[in-house]
>>> print(open('upload.cif').read())   # mmCIF, C-alpha atoms and all ligand atoms
data_entry
#
loop_
_atom_site.label_atom_id
_atom_site.label_comp_id
_atom_site.auth_asym_id
_atom_site.auth_seq_id
_atom_site.Cartn_x
_atom_site.Cartn_y
_atom_site.Cartn_z
CA MET A 1 -24.75 -27.46 59.96
CA THR A 2 -22.03 -24.87 59.25
CA HIS A 3 -21.67 -23.36 55.78
CA ILE A 4 -18.46 -25.36 55.32
CA GLU A 5 -20.16 -28.67 56.10
CA LYS A 6 -23.01 -27.74 53.77
CA ASN A 7 -20.52 -26.85 51.07
CA ARG A 8 -18.70 -30.10 51.62
CA GLN A 9 -21.93 -32.02 51.06
CA ASN A 10 -22.55 -30.20 47.81
CA ALA A 11 -18.98 -30.05 46.59
CA ASP A 12 -17.41 -32.45 44.13
CA PRO A 13 -14.36 -34.32 45.43
CA LEU A 14 -11.15 -32.33 45.15
CA ASN A 15 -8.78 -32.97 42.26
CA PHE A 16 -5.78 -34.23 44.18
CA PHE A 17 -2.22 -33.93 42.84
CA TRP A 18 1.17 -34.90 44.22
CA PHE A 19 4.68 -33.50 43.62
CA ILE A 20 7.87 -34.83 42.01
CA PRO A 21 10.86 -33.54 44.03
CA THR A 22 13.20 -32.85 41.11
CA SER A 23 15.66 -30.94 43.28
CA GLY A 24 16.08 -33.88 45.68
CA ASP A 25 14.22 -35.28 48.65
CA GLY A 26 14.86 -36.23 52.25
CA SER A 27 13.59 -36.89 55.73
CA TYR A 28 14.97 -33.76 57.40
CA LEU A 29 15.01 -30.16 56.20
CA GLY A 30 18.41 -28.50 56.32
CA SER A 31 20.44 -31.65 56.91
CA LEU A 32 22.55 -33.99 54.80
CA GLU A 33 21.29 -36.89 56.89
CA ARG A 34 18.91 -39.26 55.03
CA GLN A 35 18.93 -37.18 51.85
CA ARG A 36 17.87 -38.64 48.51
CA PRO A 37 19.45 -37.22 45.38
CA ALA A 38 17.40 -36.07 42.38
CA ASN A 39 17.35 -39.24 40.35
CA PHE A 40 15.03 -40.38 37.56
CA ASP A 41 14.57 -43.89 38.98
CA TYR A 42 13.36 -42.39 42.24
CA PHE A 43 10.99 -40.00 40.44
CA LYS A 44 9.66 -43.05 38.61
CA GLU A 45 8.90 -44.80 41.92
CA ILE A 46 6.98 -41.73 43.13
CA ALA A 47 5.09 -41.24 39.86
CA GLN A 48 4.11 -44.90 39.62
CA ALA A 49 2.98 -44.90 43.25
CA ALA A 50 0.96 -41.71 42.69
CA ASP A 51 -0.62 -43.19 39.56
CA ARG A 52 -1.56 -46.41 41.33
CA LEU A 53 -2.77 -44.69 44.51
CA GLY A 54 -5.29 -42.51 42.68
CA TYR A 55 -3.57 -39.11 42.50
CA GLN A 56 -4.74 -37.34 39.36
CA GLY A 57 -1.51 -35.61 38.54
CA VAL A 58 1.89 -34.42 39.66
CA LEU A 59 3.56 -30.99 39.63
CA LEU A 60 7.14 -30.82 38.40
CA PRO A 61 8.85 -27.64 39.60
CA THR A 62 11.24 -25.63 37.46
CA GLY A 63 14.40 -23.69 38.25
CA GLN A 64 18.18 -23.74 38.42
CA GLY A 65 18.11 -26.33 41.18
CA CYS A 66 15.68 -28.73 39.46
CA GLU A 67 16.17 -31.54 36.98
CA ASP A 68 14.51 -30.41 33.74
CA SER A 69 10.75 -30.83 34.05
CA TRP A 70 10.00 -31.52 30.35
CA ILE A 71 12.55 -34.29 29.95
CA THR A 72 11.55 -35.78 33.31
CA ALA A 73 7.82 -35.67 32.51
CA ALA A 74 8.42 -37.23 29.09
CA GLY A 75 10.20 -40.15 30.75
CA LEU A 76 7.56 -40.53 33.46
CA ALA A 77 4.68 -40.40 30.95
CA THR A 78 5.97 -43.59 29.36
CA VAL A 79 5.84 -45.54 32.65
CA THR A 80 2.49 -44.31 34.00
CA GLU A 81 -1.09 -44.73 32.77
CA LYS A 82 -3.50 -42.08 34.06
CA LEU A 83 -1.29 -39.59 35.87
CA LYS A 84 -1.25 -36.04 34.50
CA PHE A 85 1.91 -33.91 34.38
CA LEU A 86 1.90 -30.24 35.33
CA VAL A 87 5.00 -28.92 33.57
CA ALA A 88 6.29 -25.35 33.43
CA LEU A 89 5.95 -22.99 30.49
CA ARG A 90 8.73 -20.42 30.83
CA PRO A 91 8.10 -17.12 28.99
CA GLY A 92 11.42 -15.41 28.37
CA VAL A 93 13.40 -18.58 28.96
CA THR A 94 12.08 -20.54 25.95
CA SER A 95 10.65 -19.17 22.73
CA PRO A 96 6.86 -19.45 22.25
CA ALA A 97 7.22 -21.56 19.07
CA TYR A 98 9.69 -23.95 20.66
CA ALA A 99 7.41 -24.27 23.71
CA ALA A 100 4.37 -24.88 21.47
CA ARG A 101 6.18 -27.70 19.66
CA GLN A 102 7.26 -29.24 22.98
CA THR A 103 3.68 -28.90 24.25
CA ALA A 104 2.20 -30.72 21.28
CA ALA A 105 4.87 -33.43 21.44
CA LEU A 106 4.47 -34.13 25.15
CA ASP A 107 0.69 -34.00 24.95
CA ARG A 108 0.81 -36.54 22.12
CA LEU A 109 3.40 -38.74 23.83
CA SER A 110 1.35 -38.79 27.08
CA LYS A 111 -1.95 -39.24 25.21
CA GLY A 112 -3.45 -36.00 26.46
CA ARG A 113 -2.06 -36.00 30.04
CA LEU A 114 -0.18 -32.69 29.86
CA LEU A 115 -1.05 -29.60 31.93
CA LEU A 116 0.99 -26.40 31.80
CA ASN A 117 2.09 -24.24 34.71
CA VAL A 118 2.96 -20.75 33.48
CA VAL A 119 6.03 -19.77 35.52
CA VAL A 120 7.04 -16.15 35.05
CA GLY A 121 9.61 -16.38 37.84
CA GLY A 122 10.20 -14.26 40.93
CA ASN A 123 13.96 -14.43 41.43
CA PRO A 124 15.83 -11.94 39.19
CA VAL A 125 19.21 -13.43 40.16
CA GLU A 126 18.15 -16.84 38.86
CA LEU A 127 16.34 -15.30 35.87
CA ALA A 128 19.53 -13.45 34.88
CA GLY A 129 21.24 -16.85 34.73
CA ASP A 130 18.58 -17.85 32.19
CA GLY A 131 19.07 -14.66 30.19
CA VAL A 132 15.97 -12.80 31.47
CA PHE A 133 16.67 -9.22 32.62
CA LEU A 134 13.19 -7.69 32.66
CA ALA A 135 11.67 -5.96 35.68
CA HIS A 136 8.75 -7.63 37.49
CA ASP A 137 5.74 -6.22 35.61
CA LYS A 138 7.53 -6.32 32.24
CA ARG A 139 7.97 -10.06 32.72
CA TYR A 140 4.19 -10.38 32.93
CA GLU A 141 3.81 -8.24 29.80
CA GLN A 142 6.24 -10.62 28.07
CA ALA A 143 4.26 -13.63 29.37
CA GLY A 144 1.05 -12.19 27.87
CA GLU A 145 2.70 -11.97 24.43
CA PHE A 146 4.27 -15.42 24.82
CA LEU A 147 0.88 -17.01 25.58
CA HIS A 148 -0.81 -15.18 22.70
CA ILE A 149 1.68 -16.67 20.21
CA TRP A 150 1.72 -20.10 21.90
CA ARG A 151 -2.09 -20.34 21.78
CA GLY A 152 -2.25 -19.32 18.13
CA LEU A 153 0.32 -21.93 17.12
CA LEU A 154 -1.35 -24.75 19.05
CA ALA A 155 -4.74 -23.83 17.58
CA GLY A 156 -3.19 -24.56 14.18
CA HIS A 157 -2.90 -20.97 12.96
CA GLU A 158 -0.03 -19.48 11.03
CA VAL A 159 1.17 -16.79 13.41
CA ASP A 160 2.55 -13.38 12.54
CA PHE A 161 3.21 -11.27 15.60
CA HIS A 162 5.12 -8.10 16.22
CA GLY A 163 5.07 -7.07 19.88
CA LYS A 164 7.35 -5.44 22.45
CA HIS A 165 9.04 -8.69 23.41
CA TYR A 166 8.58 -11.09 20.50
CA ARG A 167 8.58 -10.96 16.75
CA VAL A 168 7.34 -14.04 14.89
CA GLU A 169 6.79 -14.41 11.14
CA LYS A 170 4.86 -17.26 9.54
CA GLY A 171 5.12 -19.32 12.72
CA ARG A 172 3.49 -22.74 12.65
CA ILE A 173 3.65 -26.22 14.13
CA ASN A 174 2.90 -29.34 12.14
CA PHE A 175 1.54 -31.71 14.79
CA PRO A 176 -1.50 -30.69 16.87
CA PRO A 177 -1.80 -31.47 20.60
CA VAL A 178 -4.30 -34.15 21.69
CA GLN A 179 -6.14 -31.67 23.93
CA GLN A 180 -7.79 -29.02 21.77
CA PRO A 181 -7.21 -26.19 21.34
CA HIS A 182 -4.35 -26.64 23.84
CA PRO A 183 -3.65 -28.35 27.19
CA PRO A 184 -5.03 -26.40 30.20
CA LEU A 185 -3.00 -23.49 31.56
CA TYR A 186 -2.38 -23.30 35.32
CA PHE A 187 -0.57 -20.34 36.85
CA GLY A 188 0.58 -18.86 40.17
CA GLY A 189 1.56 -15.32 41.12
CA SER A 190 0.23 -12.96 43.77
CA SER A 191 1.02 -9.52 42.36
CA GLU A 192 -1.57 -7.36 40.58
CA ALA A 193 0.16 -8.00 37.25
CA ALA A 194 -0.11 -11.74 37.94
CA GLN A 195 -3.78 -11.47 38.82
CA ASP A 196 -4.44 -9.61 35.56
CA LEU A 197 -2.65 -12.30 33.54
CA ALA A 198 -4.67 -14.99 35.34
CA ALA A 199 -7.92 -13.14 34.68
CA GLU A 200 -7.12 -12.69 31.01
CA THR A 201 -5.76 -16.01 30.00
CA VAL A 202 -5.41 -18.99 32.37
CA GLU A 203 -7.81 -21.79 33.29
CA LEU A 204 -6.69 -22.35 36.90
CA TYR A 205 -5.10 -19.92 39.34
CA LEU A 206 -2.80 -21.48 41.94
CA THR A 207 -2.02 -20.08 45.35
CA TRP A 208 0.45 -21.23 47.96
CA GLY A 209 -1.07 -22.28 51.29
CA GLU A 210 -1.66 -18.96 52.98
CA PRO A 211 -4.24 -18.77 55.81
CA VAL A 212 -7.83 -19.18 54.59
CA GLU A 213 -8.70 -15.47 54.95
CA GLN A 214 -5.73 -14.39 52.82
CA VAL A 215 -6.49 -17.00 50.17
CA ALA A 216 -10.11 -15.79 50.19
CA GLU A 217 -8.95 -12.23 49.43
CA LYS A 218 -6.80 -13.35 46.51
CA ILE A 219 -9.49 -15.58 45.04
CA GLU A 220 -12.01 -12.77 45.29
CA ALA A 221 -9.63 -10.36 43.55
CA VAL A 222 -8.84 -12.77 40.69
CA ARG A 223 -12.50 -13.76 40.33
CA LYS A 224 -13.51 -10.11 40.06
CA ARG A 225 -10.82 -9.32 37.49
CA ALA A 226 -11.90 -12.37 35.47
CA ASN A 227 -15.61 -11.42 35.72
CA ASP A 228 -14.76 -7.95 34.42
CA ARG A 229 -13.36 -9.67 31.32
CA GLY A 230 -16.33 -12.04 31.00
CA ARG A 231 -14.22 -15.03 32.04
CA LYS A 232 -14.29 -17.68 34.76
CA VAL A 233 -11.14 -19.03 36.41
CA ARG A 234 -10.80 -22.16 38.54
CA PHE A 235 -8.66 -22.19 41.70
CA GLY A 236 -6.04 -24.51 43.20
CA LEU A 237 -3.99 -24.74 46.40
CA ARG A 238 -0.30 -25.75 46.57
CA ILE A 239 0.52 -26.95 50.09
CA HIS A 240 2.48 -29.54 52.09
CA LEU A 241 0.67 -32.05 54.28
CA ILE A 242 1.71 -33.75 57.50
CA VAL A 243 -1.09 -36.22 58.22
CA ARG A 244 -0.84 -38.83 60.95
CA GLU A 245 -3.25 -41.02 62.91
CA THR A 246 -3.34 -38.52 65.78
CA GLU A 247 -2.84 -34.76 66.11
CA ASP A 248 0.05 -35.34 68.52
CA ALA A 249 1.85 -37.64 66.10
CA ALA A 250 1.42 -35.13 63.28
CA TRP A 251 2.85 -32.22 65.29
CA ALA A 252 5.72 -34.42 66.51
CA GLU A 253 6.49 -35.18 62.84
CA ALA A 254 6.48 -31.45 62.00
CA GLU A 255 8.98 -30.79 64.81
CA ARG A 256 11.12 -33.74 63.73
CA LEU A 257 11.25 -32.46 60.16
CA ILE A 258 12.97 -29.21 61.22
CA SER A 259 14.86 -30.66 64.21
CA LYS A 260 18.22 -30.42 62.42
CA VAL A 261 17.76 -26.89 61.05
CA SER A 262 20.17 -24.38 62.57
CA ASP A 263 19.34 -20.76 63.34
CA GLU A 264 22.19 -19.75 61.06
CA ASP A 265 20.64 -21.69 58.14
CA ILE A 266 17.30 -19.99 58.74
CA ALA A 267 18.87 -16.52 58.84
CA LYS A 268 20.84 -17.21 55.64
CA ALA A 269 17.82 -18.56 53.75
CA GLN A 270 15.56 -15.68 54.81
CA LYS A 271 18.21 -13.11 53.85
CA ARG A 272 18.58 -14.76 50.45
CA PHE A 273 14.80 -14.77 49.84
CA LEU A 274 14.60 -11.10 50.80
CA GLU A 275 17.59 -9.98 48.73
CA GLN A 276 17.04 -12.07 45.61
CA HIS A 277 13.27 -12.27 45.10
CA ASP A 278 10.98 -9.55 43.79
CA SER A 279 7.97 -11.85 44.08
CA VAL A 280 4.92 -10.56 45.95
CA GLY A 281 3.92 -14.17 46.63
CA GLN A 282 7.30 -14.96 48.19
CA ARG A 283 7.11 -11.84 50.38
CA ARG A 284 3.64 -12.85 51.62
CA MET A 285 4.91 -16.31 52.51
CA ALA A 286 8.00 -14.95 54.34
CA GLU A 287 5.91 -12.43 56.30
CA LEU A 288 3.75 -15.22 57.73
CA HIS A 289 6.53 -16.30 60.10
CA GLY A 290 9.22 -13.59 59.80
CA GLY A 291 11.91 -16.31 59.99
CA LYS A 292 11.01 -16.93 63.65
CA ARG A 293 10.67 -20.44 65.07
CA ASP A 294 8.09 -19.24 67.60
CA ARG A 295 5.76 -17.84 64.89
CA LEU A 296 5.25 -20.97 62.86
CA ILE A 297 1.59 -21.61 63.61
CA VAL A 298 -0.08 -19.21 61.21
CA GLY A 299 -3.63 -20.57 61.21
CA PRO A 300 -5.64 -23.50 62.53
CA ASN A 301 -3.47 -26.58 61.77
CA LEU A 302 -1.42 -24.39 59.41
CA TRP A 303 2.33 -24.55 60.05
CA ALA A 304 4.96 -22.43 58.30
CA GLY A 305 8.07 -24.44 59.30
CA ILE A 306 8.95 -25.50 55.78
CA GLY A 307 9.19 -21.85 54.70
CA LEU A 308 12.06 -21.31 57.13
CA LEU A 309 14.34 -22.83 54.50
CA ARG A 310 12.33 -23.43 51.33
CA PRO A 311 11.18 -20.65 48.98
CA GLY A 312 7.69 -20.86 47.50
CA ALA A 313 5.32 -23.36 49.07
CA GLY A 314 6.31 -23.02 52.72
CA THR A 315 3.28 -24.10 54.73
CA ALA A 316 1.82 -27.45 55.72
CA LEU A 317 -1.52 -28.54 57.09
CA VAL A 318 -0.67 -30.62 60.15
CA GLY A 319 -3.06 -32.94 61.93
CA ASP A 320 -5.04 -36.14 61.95
CA ALA A 321 -6.81 -37.03 58.75
CA SER A 322 -10.29 -35.84 59.63
CA THR A 323 -8.98 -32.47 60.85
CA VAL A 324 -6.81 -31.93 57.77
CA ALA A 325 -9.78 -32.89 55.58
CA LYS A 326 -11.88 -30.30 57.43
CA ARG A 327 -9.23 -27.64 56.81
CA LEU A 328 -9.05 -28.52 53.12
CA HIS A 329 -12.84 -28.23 52.92
CA GLU A 330 -12.50 -24.67 54.27
CA TYR A 331 -10.32 -23.82 51.26
CA GLN A 332 -12.70 -25.73 49.02
CA SER A 333 -15.62 -23.64 50.24
CA LEU A 334 -13.80 -20.57 48.80
CA GLY A 335 -13.77 -22.15 45.34
CA ILE A 336 -10.56 -24.22 45.42
CA ASP A 337 -11.19 -27.37 43.36
CA THR A 338 -7.62 -28.69 43.06
CA VAL A 339 -4.99 -29.42 45.70
CA ILE A 340 -1.32 -29.99 44.84
CA ALA A 341 0.14 -31.62 47.92
CA SER A 342 3.52 -32.91 48.99
CA GLY A 343 5.35 -34.25 52.04
CA TYR A 344 8.86 -35.38 52.97
CA PRO A 345 9.93 -37.89 51.84
CA HIS A 346 7.63 -37.89 48.84
CA LEU A 347 7.38 -41.62 48.22
CA GLU A 348 6.35 -42.65 51.74
CA GLU A 349 4.15 -39.60 52.22
CA ALA A 350 2.29 -40.31 48.97
CA TYR A 351 1.20 -43.56 50.61
CA THR A 352 0.43 -42.01 54.00
CA VAL A 353 -1.73 -39.27 52.50
CA SER A 354 -3.65 -41.66 50.27
CA GLU A 355 -4.21 -44.18 53.07
CA LEU A 356 -5.23 -41.72 55.80
CA LEU A 357 -6.62 -38.67 54.02
CA PHE A 358 -8.22 -39.92 50.80
CA PRO A 359 -11.04 -41.79 52.61
CA GLU A 360 -11.83 -38.60 54.58
CA LEU A 361 -12.02 -36.63 51.34
CA GLY A 362 -14.21 -39.18 49.59
CA LEU A 363 -11.39 -39.97 47.16
CA SER A 364 -10.78 -43.54 46.16
CA ALA A 365 -7.28 -44.79 46.77
CA SER A 366 -7.47 -46.88 43.65
CA GLY A 367 -4.69 -49.34 44.52
CA GLN A 368 -6.46 -50.37 47.71
CA HIS A 369 -9.47 -52.02 46.16
CA ASP A 370 -7.59 -54.89 44.60
CA LEU A 371 -5.86 -55.91 47.83
CA ASP A 372 -6.46 -59.51 48.79
CA PRO A 373 -7.85 -59.40 52.34
CA VAL A 374 -6.14 -62.72 53.11
CA GLY A 375 -2.71 -61.21 53.31
CA GLU A 376 -0.20 -60.54 56.00
CA PHE A 377 -2.25 -57.85 57.63
CA PRO A 378 -5.33 -59.27 59.29
CA ALA A 379 -3.62 -59.07 62.68
CA SER A 380 -4.68 -62.27 64.40
CA VAL A 381 -5.26 -65.86 63.38
CA GLU A 382 -8.96 -65.32 64.20
CA GLN A 383 -9.20 -62.35 61.84
CA ARG A 384 -7.35 -64.30 59.19
CA LYS A 385 -9.82 -67.16 59.50
CA LEU A 386 -12.68 -64.71 59.32
CA ALA A 387 -11.20 -63.17 56.17
CA VAL A 388 -10.92 -66.61 54.60
CA SER A 389 -14.38 -67.72 55.63
CA THR A 390 -16.06 -64.56 54.35
CA SER A 391 -14.16 -64.23 51.11
C1 LIG B 401 1.84 -23.04 42.81
C2 LIG B 401 3.02 -22.25 42.33
C3 LIG B 401 4.06 -22.92 41.70
C4 LIG B 401 5.18 -22.22 41.28
N1 LIG B 401 6.20 -22.91 40.71
C5 LIG B 401 7.34 -22.25 40.40
C6 LIG B 401 8.46 -22.97 39.89
O1 LIG B 401 8.42 -24.19 39.71
N2 LIG B 401 9.60 -22.26 39.62
C7 LIG B 401 9.68 -20.91 39.80
O2 LIG B 401 10.74 -20.33 39.55
N3 LIG B 401 8.62 -20.21 40.26
C8 LIG B 401 7.47 -20.86 40.58
N4 LIG B 401 6.41 -20.15 41.06
C9 LIG B 401 6.54 -18.69 41.22
C10 LIG B 401 5.75 -17.92 40.19
O3 LIG B 401 6.07 -18.31 38.90
C11 LIG B 401 5.97 -16.40 40.25
O4 LIG B 401 7.21 -16.14 39.71
C12 LIG B 401 6.02 -15.84 41.60
O5 LIG B 401 4.88 -16.19 42.29
C13 LIG B 401 6.23 -14.32 41.53
O6 LIG B 401 5.14 -13.69 41.12
P1 LIG B 401 4.36 -12.57 41.97
O7 LIG B 401 5.28 -11.41 42.25
O8 LIG B 401 3.26 -12.21 41.05
O9 LIG B 401 3.87 -13.22 43.24
C14 LIG B 401 5.26 -20.82 41.47
C15 LIG B 401 4.18 -20.15 42.07
C16 LIG B 401 3.08 -20.85 42.50
C17 LIG B 401 1.96 -20.10 43.18
#
>>> encode(input="upload.cif", output="structure tokens")
Amino acid sequence: MTHIEKNRQNADPLNFFWFIPTSGDGSYLGSLERQRPANFDYFKEIAQAADRLGYQGVLLPTGQGCEDSWITAAGLATVTEKLKFLVALRPGVTSPAYAARQTAALDRLSKGRLLLNVVVGGNPVELAGDGVFLAHDKRYEQAGEFLHIWRGLLAGHEVDFHGKHYRVEKGRINFPPVQQPHPPLYFGGSSEAAQDLAAETVELYLTWGEPVEQVAEKIEAVRKRANDRGRKVRFGLRIHLIVRETEDAAWAEAERLISKVSDEDIAKAQKRFLEQHDSVGQRRMAELHGGKRDRLIVGPNLWAGIGLLRPGAGTALVGDASTVAKRLHEYQSLGIDTVIASGYPHLEEAYTVSELLFPELGLSASGQHDLDPVGEFPASVEQRKLAVSTS
């Protein structure tokens, strides 16, 4: 038995999250064909499917191109039951007191289903549009102060704070969050400043889907920094999935997804990422493939095609369900306990992943258990009779 198989036997099932595509969705990258606009009713379909299918939560991204994640999550919380919402805290963009009040309100409205993703931001052009003009490491310094104030307020303290970036006098919030002392903090960022912030203050450190060895290095570095501070941090992976019944079908789907992307679009997107971003994480993702179509396989079953056009999470695990499960267990053996997955289009792929992959991961696809076996799907009359006679 390999160490991964042994680890799999001992490991708890992964916490499995899905994604709400608040900047729009579609069936092809880089094409207007079969696009779906960002629309609350569509997000509702995805969130309700994810809730019913047994996903534990959903990530809502944040940025100029996204529908607002707080308003969207508030709406979705009222039409779902168990699903958790990973919503962005934006140091520099909102004030700590305003964010603390929003946190308590959404945690109360969702009955304790709020999780926070601390997004410091890695695109100074976009940040300038939001009124943030600090250099990379200063933004992390600001985030540290922001979280200090935010925590104090949510813990019910009256906060007086005089720092480099914020000044607060007699700050308080009247209504406490359901989750005490505050909803869990998740966070992603690959730079040293980001790793220090993670070590000091967050519960779960997120990484994009880099090859296993590179993720191992980052986890080790964050774990060490946290140990030095007497803390423990959990780890999560943000990645796309293309899971099909066979390897061939999965790779054909990956090719199809980028079949309408032009070389010009790739060159433009890569230039923009390089010129606009000062994010170490974004640079690491771009270097995996260098914008080249013939360098997209960056690890076993790990494909970087999505990163040709999309910033941030740019890789997908591609394969049949048992192979993709094996690959996820490799990440799990490093200490990853949470996976935030997605696939295009997000509604159909939420079903595909739960139907094919969840059984391989030992996760229950909760909607499946109540299915009446005497439905349309027993393929033959004989099977149908059998289903009737044994039910
Ligand atoms: C899982 C994950 C999710 C992220 N989500 C967002 C997001 O929604 N919006 C955004 O602007 N940045 C997002 N980021 C980017 C980070 O906030 C951070 O700005 C970026 O990684 C740059 O930091 P670095 O230089 O430390 O790598 C995300 C990063 C990770 C790892």
>>> atom_distance(input="upload.cif", atom1="CA of Glu169 in chain A", atom2="CA of Thr94 in chain A")
16.9 Å
>>> residues_near_ligand(input="upload.cif", ligand="ligand LIG 401 (chain B)", cutoff="9 Å", atoms="all atoms listed in the file", output="VMD selection string")
chain A and resid 59 to 64 66 87 to 88 90 117 to 123 126 to 127 136 to 137 140 186 to 195 205 to 209 236 to 239 277 to 284 312 to 313 340
>>> write_last_selection(input="upload.cif", atoms="C-alpha atoms", output="tab-separated table (two decimals), keeping the file's coordinate frame")
chain	number	residue	atom	x	y	z
A	59	LEU	CA	3.56	-30.99	39.63
A	60	LEU	CA	7.14	-30.82	38.40
A	61	PRO	CA	8.85	-27.64	39.60
A	62	THR	CA	11.24	-25.63	37.46
A	63	GLY	CA	14.40	-23.69	38.25
A	64	GLN	CA	18.18	-23.74	38.42
A	66	CYS	CA	15.68	-28.73	39.46
A	87	VAL	CA	5.00	-28.92	33.57
A	88	ALA	CA	6.29	-25.35	33.43
A	90	ARG	CA	8.73	-20.42	30.83
A	117	ASN	CA	2.09	-24.24	34.71
A	118	VAL	CA	2.96	-20.75	33.48
A	119	VAL	CA	6.03	-19.77	35.52
A	120	VAL	CA	7.04	-16.15	35.05
A	121	GLY	CA	9.61	-16.38	37.84
A	122	GLY	CA	10.20	-14.26	40.93
A	123	ASN	CA	13.96	-14.43	41.43
A	126	GLU	CA	18.15	-16.84	38.86
A	127	LEU	CA	16.34	-15.30	35.87
A	136	HIS	CA	8.75	-7.63	37.49
A	137	ASP	CA	5.74	-6.22	35.61
A	140	TYR	CA	4.19	-10.38	32.93
A	186	TYR	CA	-2.38	-23.30	35.32
A	187	PHE	CA	-0.57	-20.34	36.85
A	188	GLY	CA	0.58	-18.86	40.17
A	189	GLY	CA	1.56	-15.32	41.12
A	190	SER	CA	0.23	-12.96	43.77
A	191	SER	CA	1.02	-9.52	42.36
A	192	GLU	CA	-1.57	-7.36	40.58
A	193	ALA	CA	0.16	-8.00	37.25
A	194	ALA	CA	-0.11	-11.74	37.94
A	195	GLN	CA	-3.78	-11.47	38.82
A	205	TYR	CA	-5.10	-19.92	39.34
A	206	LEU	CA	-2.80	-21.48	41.94
A	207	THR	CA	-2.02	-20.08	45.35
A	208	TRP	CA	0.45	-21.23	47.96
A	209	GLY	CA	-1.07	-22.28	51.29
A	236	GLY	CA	-6.04	-24.51	43.20
A	237	LEU	CA	-3.99	-24.74	46.40
A	238	ARG	CA	-0.30	-25.75	46.57
A	239	ILE	CA	0.52	-26.95	50.09
A	277	HIS	CA	13.27	-12.27	45.10
A	278	ASP	CA	10.98	-9.55	43.79
A	279	SER	CA	7.97	-11.85	44.08
A	280	VAL	CA	4.92	-10.56	45.95
A	281	GLY	CA	3.92	-14.17	46.63
A	282	GLN	CA	7.30	-14.96	48.19
A	283	ARG	CA	7.11	-11.84	50.38
A	284	ARG	CA	3.64	-12.85	51.62
A	312	GLY	CA	7.69	-20.86	47.50
A	313	ALA	CA	5.32	-23.36	49.07
A	340	ILE	CA	-1.32	-29.99	44.84
>>> atom_distance(input="upload.cif", atom1="CA of Ser354 in chain A", atom2="CA of Thr315 in chain A")
19.4 Å
>>> atom_distance(input="upload.cif", atom1="CA of Arg36 in chain A", atom2="CA of Glu349 in chain A")
14.2 Å
>>> closest_residue(input="upload.cif", among="A:Asp107, A:Gly54, A:Gly314, A:Asn301", to="Val243 in chain A", atoms="all atoms listed in the file")
A:Asn301
>>> closest_residue(input="upload.cif", among="A:Gly335, A:Gly307, A:Pro183, A:Pro21", to="Ala105 in chain A", atoms="all atoms listed in the file")
A:Pro183
>>> closest_residue(input="upload.cif", among="A:Ile306, A:Leu296, A:Leu115, A:Leu241", to="Thr323 in chain A", atoms="all atoms listed in the file")
A:Leu241
>>> residues_near_point(input="upload.cif", point="(0.8, -33.6, 32.1)", cutoff="8 Å", atoms="all atoms listed in the file", output="ChimeraX atom specification")
/A:57-58,73,77,83-87,106-107,110,112-116
>>> build_atoms(input="upload.cif", residues="range 126-136 of chain A", atoms="N, CA and C atoms", output="short mmCIF file (atom, residue, chain, number, x, y, z; two decimals), in the frame of the given file")
data_model
loop_
_atom_site.label_atom_id
_atom_site.label_comp_id
_atom_site.auth_asym_id
_atom_site.auth_seq_id
_atom_site.Cartn_x
_atom_site.Cartn_y
_atom_site.Cartn_z
N GLU A 126 18.25 -15.58 39.62
CA GLU A 126 18.15 -16.84 38.86
C GLU A 126 17.73 -16.57 37.41
N LEU A 127 16.80 -15.62 37.24
CA LEU A 127 16.34 -15.30 35.87
C LEU A 127 17.49 -14.77 35.02
N ALA A 128 18.38 -13.98 35.64
CA ALA A 128 19.53 -13.45 34.88
C ALA A 128 20.38 -14.61 34.37
N GLY A 129 20.50 -15.65 35.15
CA GLY A 129 21.24 -16.85 34.73
C GLY A 129 20.60 -17.50 33.51
N ASP A 130 19.29 -17.30 33.36
CA ASP A 130 18.58 -17.85 32.19
C ASP A 130 18.45 -16.82 31.08
N GLY A 131 19.08 -15.67 31.25
CA GLY A 131 19.07 -14.66 30.19
C GLY A 131 17.86 -13.74 30.23
N VAL A 132 17.15 -13.68 31.37
CA VAL A 132 15.97 -12.80 31.47
C VAL A 132 16.33 -11.63 32.39
N PHE A 133 16.25 -10.40 31.85
CA PHE A 133 16.67 -9.22 32.62
C PHE A 133 15.54 -8.21 32.78
N LEU A 134 14.31 -8.64 32.58
CA LEU A 134 13.19 -7.69 32.66
C LEU A 134 12.75 -7.47 34.10
N ALA A 135 12.22 -6.26 34.35
CA ALA A 135 11.67 -5.96 35.68
C ALA A 135 10.35 -6.73 35.85
N HIS A 136 9.89 -6.79 37.10
CA HIS A 136 8.75 -7.63 37.49
C HIS A 136 7.55 -7.53 36.54
#
